[in-house]
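Data block for input.txt (compact mmCIF, C-alpha atoms):
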# COMPACT_ATOMS: atom_id res chain seq x y z
CA MET D 1 22.25 16.91 93.16
CA PRO D 2 20.36 18.82 90.45
CA LEU D 3 18.28 16.83 87.96
CA ILE D 4 20.00 18.36 84.95
CA ALA D 5 23.37 17.35 86.17
CA ARG D 6 22.35 13.69 86.35
CA PHE D 7 21.56 13.47 82.56
CA ARG D 8 24.41 14.79 80.52
CA PHE D 9 24.27 14.16 76.73
CA PRO D 10 27.03 14.75 74.23
CA LEU D 11 26.78 17.98 72.25
CA GLY D 12 26.86 16.18 68.89
CA PHE D 13 23.85 14.06 69.83
CA LEU D 14 21.82 17.13 70.78
CA LEU D 15 22.62 18.83 67.47
CA LEU D 16 21.59 15.73 65.53
CA VAL D 17 18.24 15.55 67.29
CA LEU D 18 17.62 19.25 66.68
CA ALA D 19 18.38 18.91 62.97
CA ALA D 20 16.05 15.93 62.64
CA PHE D 21 13.29 17.85 64.39
CA LEU D 22 13.65 20.85 62.08
CA ALA D 23 13.69 18.71 58.95
CA LEU D 24 10.62 16.71 59.92
CA PRO D 25 7.95 19.27 58.76
CA GLN D 26 9.72 19.90 55.48
CA HIS D 27 9.93 16.17 54.74
CA THR D 28 6.23 15.77 55.48
CA GLN D 29 5.33 18.66 53.14
CA ALA D 30 7.48 17.25 50.33
CA GLN D 31 5.63 13.95 50.53
CA GLY D 32 2.29 15.76 50.04
CA GLN D 33 3.36 17.52 46.82
CA ARG D 34 3.13 15.82 43.39
CA GLN D 35 6.12 15.69 41.12
CA VAL D 36 6.26 17.87 38.01
CA VAL D 37 6.63 15.82 34.82
CA GLN D 38 7.44 17.19 31.35
CA PHE D 39 4.87 15.50 29.11
CA THR D 40 6.03 15.37 25.46
CA GLY D 41 5.06 13.38 22.40
CA ILE D 42 3.72 13.26 18.86
CA VAL D 43 0.06 13.11 17.85
CA ALA D 44 -0.35 11.18 14.59
CA THR D 45 -3.07 9.50 12.57
CA GLY D 46 -3.62 5.83 13.15
CA ASP D 47 -3.30 4.69 9.53
CA SER D 48 -0.39 6.71 8.11
CA LEU D 49 1.43 8.01 11.22
CA LEU D 50 1.36 11.54 9.83
CA GLY D 51 1.50 14.34 12.37
CA VAL D 52 -1.79 16.04 13.23
CA PRO D 53 -1.25 19.81 13.51
CA GLY D 54 -3.38 21.88 15.87
CA ALA D 55 -4.49 18.99 18.08
CA ALA D 56 -5.47 20.06 21.60
CA VAL D 57 -3.52 18.56 24.52
CA PHE D 58 -4.88 19.73 27.89
CA VAL D 59 -5.54 18.77 31.51
CA PRO D 60 -9.26 19.28 32.22
CA LYS D 61 -8.94 19.50 36.03
CA ALA D 62 -6.07 21.99 35.94
CA GLY D 63 -7.46 24.03 33.03
CA ARG D 64 -4.15 24.23 31.16
CA GLY D 65 -2.95 22.79 27.91
CA THR D 66 -1.25 23.34 24.58
CA ALA D 67 -1.57 22.48 20.88
CA THR D 68 0.59 20.46 18.52
CA ASN D 69 2.79 22.19 15.96
CA ALA D 70 2.85 21.59 12.21
CA TYR D 71 4.52 18.20 12.70
CA GLY D 72 2.21 17.00 15.50
CA TYR D 73 4.76 17.55 18.30
CA PHE D 74 3.79 18.94 21.72
CA SER D 75 5.40 19.59 25.12
CA LEU D 76 3.45 20.34 28.31
CA PRO D 77 4.44 20.35 32.00
CA VAL D 78 2.00 18.25 34.06
CA LEU D 79 1.87 16.66 37.51
CA ALA D 80 2.15 13.01 38.36
CA GLY D 81 -1.33 11.49 38.44
CA ASP D 82 -2.85 13.97 35.92
CA SER D 83 -5.22 12.76 33.23
CA ILE D 84 -4.53 14.38 29.83
CA VAL D 85 -7.07 14.59 27.01
CA ILE D 86 -5.90 14.73 23.39
CA ARG D 87 -8.46 15.59 20.76
CA SER D 88 -8.77 16.98 17.26
CA LEU D 89 -11.66 17.67 14.91
CA GLY D 90 -12.62 14.54 13.00
CA TYR D 91 -10.87 12.14 15.42
CA ARG D 92 -11.82 10.32 18.59
CA ASN D 93 -10.57 11.63 21.92
CA GLN D 94 -7.54 9.91 23.43
CA TYR D 95 -6.66 9.87 27.14
CA VAL D 96 -3.24 9.53 28.76
CA VAL D 97 -2.82 9.13 32.54
CA ILE D 98 0.50 9.88 34.24
CA PRO D 99 1.11 7.30 37.02
CA PRO D 100 0.90 8.90 40.50
CA ASP D 101 4.19 7.33 41.56
CA TYR D 102 6.05 8.08 38.32
CA PRO D 103 9.71 8.54 39.37
CA ARG D 104 11.15 10.30 36.32
CA GLN D 105 10.84 13.95 35.27
CA SER D 106 9.83 13.32 31.62
CA TYR D 107 7.10 11.25 30.01
CA SER D 108 7.02 10.75 26.20
CA VAL D 109 4.30 9.10 24.14
CA ILE D 110 3.16 8.64 20.53
CA VAL D 111 -0.61 9.06 20.35
CA GLN D 112 -2.42 7.56 17.35
CA LEU D 113 -5.78 9.19 16.74
CA LYS D 114 -8.57 7.24 15.10
CA GLU D 115 -10.97 8.88 12.69
CA ASP D 116 -14.45 9.60 13.93
CA ALA D 117 -16.62 10.03 10.83
CA THR D 118 -20.01 11.51 11.60
CA VAL D 119 -22.57 11.45 8.79
CA LEU D 120 -25.20 14.12 9.27
CA PRO D 121 -28.68 13.57 7.90
CA GLU D 122 -29.69 15.45 4.76
CA VAL D 123 -31.42 18.75 5.34
CA ARG D 124 -33.46 20.27 2.53
CA ILE D 125 -34.52 23.88 3.03
CA PHE D 126 -37.40 25.35 1.03
CA PRO D 127 -39.06 28.71 1.56
CA TYR D 128 -42.38 27.01 0.93
CA LEU D 129 -44.30 24.43 2.90
CA THR D 130 -44.46 21.86 0.11
CA GLU D 131 -42.76 21.23 -3.21
CA LYS D 132 -46.05 21.86 -4.97
CA ASP D 133 -46.18 25.41 -3.59
CA PHE D 134 -42.62 25.99 -4.81
CA LYS D 135 -43.46 24.87 -8.36
CA ARG D 136 -46.55 27.04 -8.41
CA ALA D 137 -44.56 30.11 -7.28
CA PHE D 138 -41.78 29.39 -9.78
CA LEU D 139 -44.21 29.18 -12.70
CA ALA D 140 -45.86 32.43 -11.62
CA LEU D 141 -42.53 34.28 -11.45
CA GLU D 142 -42.42 37.35 -13.73
CA LEU D 143 -38.98 38.22 -15.06
CA PRO D 144 -38.22 41.82 -16.13
CA LYS D 145 -38.53 42.52 -19.83
CA GLU D 146 -35.40 43.20 -21.85
CA ARG D 147 -36.57 46.60 -23.10
CA GLY D 148 -36.98 48.00 -19.62
CA SER D 149 -33.92 46.35 -18.07
CA ARG D 150 -30.42 47.69 -17.56
CA THR D 151 -29.04 45.13 -20.06
CA ALA D 152 -30.87 46.75 -22.98
CA GLU D 153 -29.47 50.16 -22.03
CA ASN D 154 -25.91 48.83 -21.81
CA LEU D 155 -26.20 47.27 -25.29
CA ASN D 156 -27.37 50.50 -26.91
CA GLU D 157 -25.55 51.10 -30.23
CA GLN D 158 -24.70 54.72 -29.51
CA ILE D 159 -23.30 53.92 -26.08
CA LEU D 160 -21.17 51.09 -27.46
CA ARG D 161 -19.84 53.34 -30.26
CA ARG D 162 -18.98 56.11 -27.80
CA ILE D 163 -17.17 53.60 -25.57
CA PHE D 164 -15.24 52.27 -28.57
CA LEU D 165 -14.15 55.73 -29.76
CA ASN D 166 -13.18 57.00 -26.30
CA ALA D 167 -11.45 53.86 -25.08
CA PRO D 168 -7.67 54.45 -24.77
CA VAL D 169 -5.27 52.28 -26.72
CA THR D 170 -3.66 49.70 -24.50
CA SER D 171 -0.07 48.49 -24.65
CA MET D 172 -1.24 45.20 -26.14
CA ALA D 173 -3.07 47.02 -28.95
CA ASN D 174 0.03 49.08 -29.73
CA TYR D 175 2.16 45.95 -29.83
CA ARG D 176 -0.33 44.20 -32.13
CA GLN D 177 -0.47 47.16 -34.51
CA THR D 178 3.33 47.41 -34.65
CA MET D 179 3.66 43.72 -35.47
CA GLN D 180 1.03 43.98 -38.20
CA MET D 181 2.80 46.96 -39.78
CA GLN D 182 6.13 45.10 -39.76
CA GLN D 183 4.54 42.05 -41.35
CA LEU D 184 2.84 44.18 -44.05
CA ASP D 185 6.12 45.95 -44.86
CA GLN D 186 7.90 42.61 -45.20
CA GLN D 187 5.19 41.27 -47.52
CA ARG D 188 5.47 44.39 -49.68
CA ARG D 189 9.21 43.87 -50.08
CA TYR D 190 8.58 40.28 -51.21
CA GLY D 191 5.85 41.44 -53.63
CA THR D 192 3.09 39.44 -51.92
CA ALA D 193 1.22 42.45 -50.51
CA PRO D 194 -0.42 45.37 -52.33
CA ASN D 195 1.71 48.51 -52.67
CA PRO D 196 1.36 51.87 -54.46
CA TYR D 197 3.23 50.57 -57.51
CA SER D 198 1.08 47.52 -58.02
CA ASN D 199 -2.13 49.46 -57.42
CA ASN D 200 -1.33 52.05 -60.16
CA PRO D 201 -2.33 50.50 -63.55
CA LEU D 202 0.02 52.81 -65.51
CA LEU D 203 3.03 51.40 -63.65
CA ASN D 204 1.92 47.79 -63.87
CA PRO D 205 3.52 45.93 -66.88
CA PHE D 206 0.79 43.31 -66.78
CA SER D 207 -1.81 46.05 -67.29
CA TRP D 208 0.08 47.36 -70.36
CA LEU D 209 0.27 43.86 -71.82
CA GLN D 210 -3.45 43.42 -71.35
CA LEU D 211 -4.13 46.83 -72.99
CA ILE D 212 -2.03 45.95 -76.07
CA GLN D 213 -3.79 42.63 -76.43
CA GLN D 214 -7.18 44.35 -76.28
CA VAL D 215 -6.10 46.84 -79.02
CA LYS D 216 -4.97 43.99 -81.29
CA ASN D 217 -8.24 42.18 -80.80
CA GLY D 218 -10.19 45.31 -81.68
CA ASP D 219 -12.01 45.47 -78.41
CA PHE D 220 -12.09 49.29 -78.55
CA LYS D 221 -13.59 49.54 -82.11
CA LYS D 222 -17.07 50.90 -82.39
CA LYS D 223 -19.59 48.31 -83.21
CA ASP D 224 -22.40 49.08 -85.67

This entry written out as C-alpha cells:
Amino acid sequence: MPLIARFRFPLGFLLLVLAAFLALPQHTQAQGQRQVVQFTGIVATGDSLLGVPGAAVFVPKAGRGTATNAYGYFSLPVLAGDSIVIRSLGYRNQYVVIPPDYPRQSYSVIVQLKEDATVLPEVRIFPYLTEKDFKRAFLALELPKERGSRTAENLNEQILRRIFLNAPVTSMANYRQTMQMQQLDQQRRYGTAPNPYSNNPLLNPFSWLQLIQQVKNGDFKKKD
C-alpha cells in the first residue's frame, strides 16, 4: 500500500496549516517594526505657562523635527522609543522619551521650559594698548577748523538767501498766510487793526480834534 495513502488529512486542516505558514514571516516582520506615534503638545514657560513660539522640537537620531507656532503648539510624528529634544534660546533643554512599548497612536505633553540665564563677562575694546595711550591720542586730536569746513560753506549768507528766495511755497505756508489774511480782515472790520482810513490823518476825526486844539493854544504862532 502506498505511503501517501496511509496518511490522509482533511482538506480544511491542510489549508489552515498553509495559511499559518504564509503568515509566519509577516508576523515576525511586524514585531521588528516600531509603532508610529503622533507626538503633540504645548511648550510653555515654567513661571507663567505662556506659549513659547519658535521652540525647536526634534529627534536627534532621526534628524527630523518641527517648531512651535505662535501659541507654543507643535505636532510631530515619531516612533515608539524615540528621544525628543525640546529647546529654545534662553531656556534649558528638555527631553521627552516615548516608551518603547507604548500601545497608543498619540502622545501629548505640556513641556515647561526653565530659563537659563547666562551672564557674559564684560568686554572692553580699545584701539590702544592702555588707557593712558588713549588719553594721549585724544588730547592730540586735531579737529578741522570752522572756516575750512563744509559747515561754514553751508552757513554762508548768500547761499542761505538764495535758498530762501528760491524755495517753493508749501501747502502749509499757503494755509498759514490765508488764515493770517482772514484774521487781519476781521480785525479791520472791528476797528482793532490798521486800515487805509485810520492811517490817513485827513480822514481821522481824532487828528482834526488835535489840530483844532493846537490852533487854539497858539502852537503854530511864530515865536520871537

Taking into account all atoms listed in the file, which residue in the set D:Lys221, D:Arg64, D:Arg34, D:Arg162 is nearest to D:Ile98? D:Arg34

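Minimum atom-to-atom distance to D:Thr68, evaluated using only C-alpha atoms, belongs to D:Thr40 out of D:Lys135, D:Thr40, D:Ala167, D:Arg92.
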
Excluding same-chain residues fewer than 5 positions from D:Ser48, what lies within 12 Å of it counting only C-alpha atoms, as JSON, numbers by chain? {"D": [43, 112, 113, 114, 115]}

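Across the model, the gap from atom CA of D:Phe39 to atom CA of D:Pro77 is 5.7 Å.
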
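Of the listed residues (D:Ala117, D:Leu89, D:Ile159, D:Leu79), D:Leu79 comes nearest to D:Gln105; the distances count only C-alpha atoms.
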
Taking (-5.7, 14.2, 33.0) in the file's coordinates, which residues come within 6 Å, counting only C-alpha atoms, written as a VMD selection string? chain D and resid 59 82 to 84 97
